[in-house]
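Since the structure comes first, as structure tokens, the remarks are kept for the end.
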Amino acid sequence: MMRRTRLLQNLAIALAITFTGQLFGQNDPASSARNQSDTEESRPNILWLVIDDMGCEFSCYGEEVIETPNIDRLAREGIRFTNAFLTSPVCSTARSSLITGMYQTTIGAHNHQSGRGKRKIHLPERVIPIPHLFQEAGYYTANGNHPKRREDLGKTDYNFQWEASMYDAPYYNGRGVDQPFFAQLQLLGGKHRHPESWGNGGAKRLLGWVVDADKVKLPPYYPRDPIILDDWAQYLDTVRYTDKLVGEILQNLETEGLLDDTIIILFADNGISHARGKQFVYDEGIRTPLIIRGPGIERGLVRHDPVEHIDLASTSLALAGLPVPDWMQGDDILAKDYRPKEAVFAARDRCGETVDMTRAVRTNKYKYIRNFFPDRPHLQPTNYKDSKPILIRLRELHAEGKLNELQEKLLFSPQRPVEELYDVQSDPYETVNLADHPDFEGVLKSMRQRLKSWMKHTNDPGPESPEVYAVEMEYQIGRNQRNPQAYAAVKRNVDTYNRWAKERPYIPLAD
């Protein structure tokens with residue numbers, strides 16, 4: 001019976017993959033071979049620079065408070081994408097998608113840090129993480145940290161069962177003579193920001209000076225409170241430090257004689273960890289940098305068409321002259337016959353103990369968000385984020401009545417609208433919901449239909465069942481046993497969500 005169920009699930013996923021390609025114009029087989037004859041002899045190295053918790057606060061993306069000369073150099077010598085979006089706003093689900101070229105909702109990896117306890121998640125039989133595909137083609141595969149903190153593998157955080165053998169080593173220096181590599185270097189990015197280390201002299205020791213908090217520009221939904229301003233200043237210093245590390249990587253490649261043979265792809269796994277960033281499908285959470293630089297890459301090009309980070313698997317394979325599997329949902333965005341997307345999609349599901357389900361469609365003009373648990377607040381209880389100084393301070397300011405009307409509405413409304421619609425060109429911070437505006441009824445219907453089609457054809461599984469949630473929470477509670485405060489908070493939150501399952505239920509899309 002279990003085998004029959006698994007076969008039916010795989011069939012549904014296979015159909016979802018096929019329909020996705022037909023619906024959104026993805027993976028034209030001819031395009032996957034577009035550089036194969038050109039690259040078979042050169043076999044370039046492919047290097048992913050994967051940054052934690054960082055948005056587009058680089059000077060080449062318009063940030064004015066700081067300068068990022070090394071990342072600016074990558075942009076100047078390669079292609080910079082201004083509208084690159086993750087399909088999920090949190091690391092484990094985003095990384096599960098990145099490494100497979102698949103929507104996390106299609107492969108069942110859509111709930112953050114799931115499949116870690118008694119319940120295991122297995123990829124559909126046809127889906128293979130791309131390090132295996134590179135290995136089969138003779139590439140040396142690596143995944144390490146920069147700066148080198150230890151000899152262990154760098155961050156993976158995949159939500160499915162995977163084989164450690166898909167990485168040959170943490171670093172690429174063990175490869176054979178003339179053997180090309182597919183490597184990842186993990187950069188801590190925004191995770192460096194910590195008040196007890198980074199904010200207590202750590203940044204100044206590494207960088208010589210720190211950002212003046214008074215010069216920080218905040219989104220309008222965050223108050224100009226000293227703690228919030230200082231936190232954002234610390235974040236900008238982590239951006240500066242990340243740029244410094246990228247400079248070291250470029251220098252190392254030059255010293256090793258590898259820079260001219262290596263295609264560098266720089267991106268982040270989610271946006272800044274803040275009240276509307278990481279874990280949320282607003283642009284602060286899903287829009288991240290994407291820069292590609294290396295042999296055969298056009299220099300100084302800026303592309304404004306929307307792309308998804310699941311495209312990087314297909315694009316990387318194609319850049320290496322390798323075939324792109326027909327099951328991949330991502331595109332080779334550098335193919336000569338690539339057809340730019342009209343829209344990209346994102347999904348947020350359970351994060352830790354916090355139950356949620358939101359889906360988003362983004363074009364260059366509009367963003368549509370559907371909240372499937374609208375009777376729950378934006379800032380739902382969550383131990384991970386509620387323990388951060390910025391969230392503690394925001395909740396204090398809310399309790400003291402010191403937030404303005406916009407901040408109260410966007411951060412502390414007890415409920416969320418079922419539908420949100422934003423004109424992201426005129427309203428880039430997504431503050432004015434147009435879903436109920438009669439002049440935008442046609443746009444709303446169009447975007448709603450795009451979402452329904454995408455969810456149907458990608459086999460969206462919807463929210464976790466109570467039974468699966470219970471099993472997953474055994475892991476979430478257990479992993480905090482050594483921290484009494486966190487342990488108590490997670491247990492309390494789980495009790496809240498179990499109660500809310502009946503009081504504030506899931507509201508499905510109407511047919």
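Convention: chains lettered A, B, ... in structure tokens order; per-chain residue numbering from 1; ligands numbered from 1 as shown.
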### Task
Quick one: everything within 12 Å of Arg492 (chain A), counting only C-alpha atoms, minus sequence neighbours fewer than 2 positions away in the same chain. Send it as a PyMOL selection string.
chain A and resi 353-354+381-383+473+477+485-490+494-499
Can I get the selected residues back with C-alpha atoms, as an mmCIF file, in the first residue's frame?
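File written: out.cif
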```
data_model
loop_
_atom_site.group_PDB
_atom_site.id
_atom_site.type_symbol
_atom_site.label_atom_id
_atom_site.label_comp_id
_atom_site.auth_asym_id
_atom_site.auth_seq_id
_atom_site.Cartn_x
_atom_site.Cartn_y
_atom_site.Cartn_z
ATOM 1 C CA GLU A 353 6.793 25.884 15.337
ATOM 2 C CA THR A 354 4.996 28.749 13.580
ATOM 3 C CA PRO A 381 4.501 33.745 18.061
ATOM 4 C CA THR A 382 7.867 32.316 17.057
ATOM 5 C CA ASN A 383 10.754 31.593 19.403
ATOM 6 C CA MET A 473 7.016 19.365 16.765
ATOM 7 C CA ILE A 477 10.717 20.903 21.018
ATOM 8 C CA GLN A 485 13.822 29.435 28.069
ATOM 9 C CA ALA A 486 13.601 28.416 24.404
ATOM 10 C CA TYR A 487 12.184 25.011 25.333
ATOM 11 C CA ALA A 488 9.355 26.614 27.313
ATOM 12 C CA ALA A 489 8.652 29.182 24.566
ATOM 13 C CA VAL A 490 8.429 26.566 21.805
ATOM 14 C CA VAL A 494 2.952 24.748 19.910
ATOM 15 C CA ASP A 495 0.036 24.729 22.339
ATOM 16 C CA THR A 496 -1.130 28.049 20.855
ATOM 17 C CA TYR A 497 -0.999 26.751 17.290
ATOM 18 C CA ASN A 498 -2.813 23.561 18.193
ATOM 19 C CA ARG A 499 -5.593 25.694 19.677
#
```
Residues of region 97-138 of chain A at most 12 Å from region 184-196 of chain A: nearest atom pair and distance in Å, only C-alpha atoms, as JSON lines:
```
{"residue": "A:Leu98", "atom": "CA", "partner": "A:Gln184", "partner_atom": "CA", "distance": 11.8}
{"residue": "A:Ile99", "atom": "CA", "partner": "A:Gln184", "partner_atom": "CA", "distance": 10.8}
{"residue": "A:Ile130", "atom": "CA", "partner": "A:Gln184", "partner_atom": "CA", "distance": 12.0}
{"residue": "A:Pro131", "atom": "CA", "partner": "A:Gln184", "partner_atom": "CA", "distance": 10.1}
```
Same residues, C-alpha atoms, output as a PDB file, in the first residue's frame:
```
ATOM      1  CA  LEU A  98      18.262  25.905  -5.108  1.00  0.00           C
ATOM      2  CA  ILE A  99      20.100  22.599  -5.039  1.00  0.00           C
ATOM      3  CA  ILE A 130      22.808  19.006  -8.914  1.00  0.00           C
ATOM      4  CA  PRO A 131      26.131  18.164  -7.178  1.00  0.00           C
TER       5      PRO A 131
END
```
### Message
Residues near Ile263 (chain A), anyone? I mean within 8 Å using only C-alpha atoms, not counting same-chain ones fewer than 2 positions away, as an NGL selection string.
### Response
:A and (44-47 or 261 or 265 or 292-295)
### Message
Residues within 12 Å of Gly300 (chain A), please, as an MDAnalysis selection string. Count only C-alpha atoms; anything in the same chain fewer than 3 positions from it doesn't count.
### Response
chainID A and resid 60 72:81 291:294 297 303
### Query
Using the chain letters and numbers from this document, which residues of region 169-294 of chain A does DSSP assign to strand (DSSP E), as a PyMOL selection string?
chain A and resi 181-187+262-268+290-293
### Message
Could you list, as a PyMOL selection string, every residue within 7 Å of Asn111 (chain A), counting only C-alpha atoms and ignoring same-chain residues fewer than 2 positions away?
### Response
chain A and resi 93+109+113-114+349-351
### Task
Would you please give, as number ranges by chain, all residues of region 142-192 of chain A that DSSP assigns to helix (DSSP H, G or I) based on the backbone?
A: 164-166, 172-174, 189-192
### Query
Which distance in Å separates CA of His378 (chain A) and CA of Asp269 (chain A), to one decimal?
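Result for CA of His378 (chain A) versus CA of Asp269 (chain A): 21.7 Å, one decimal.
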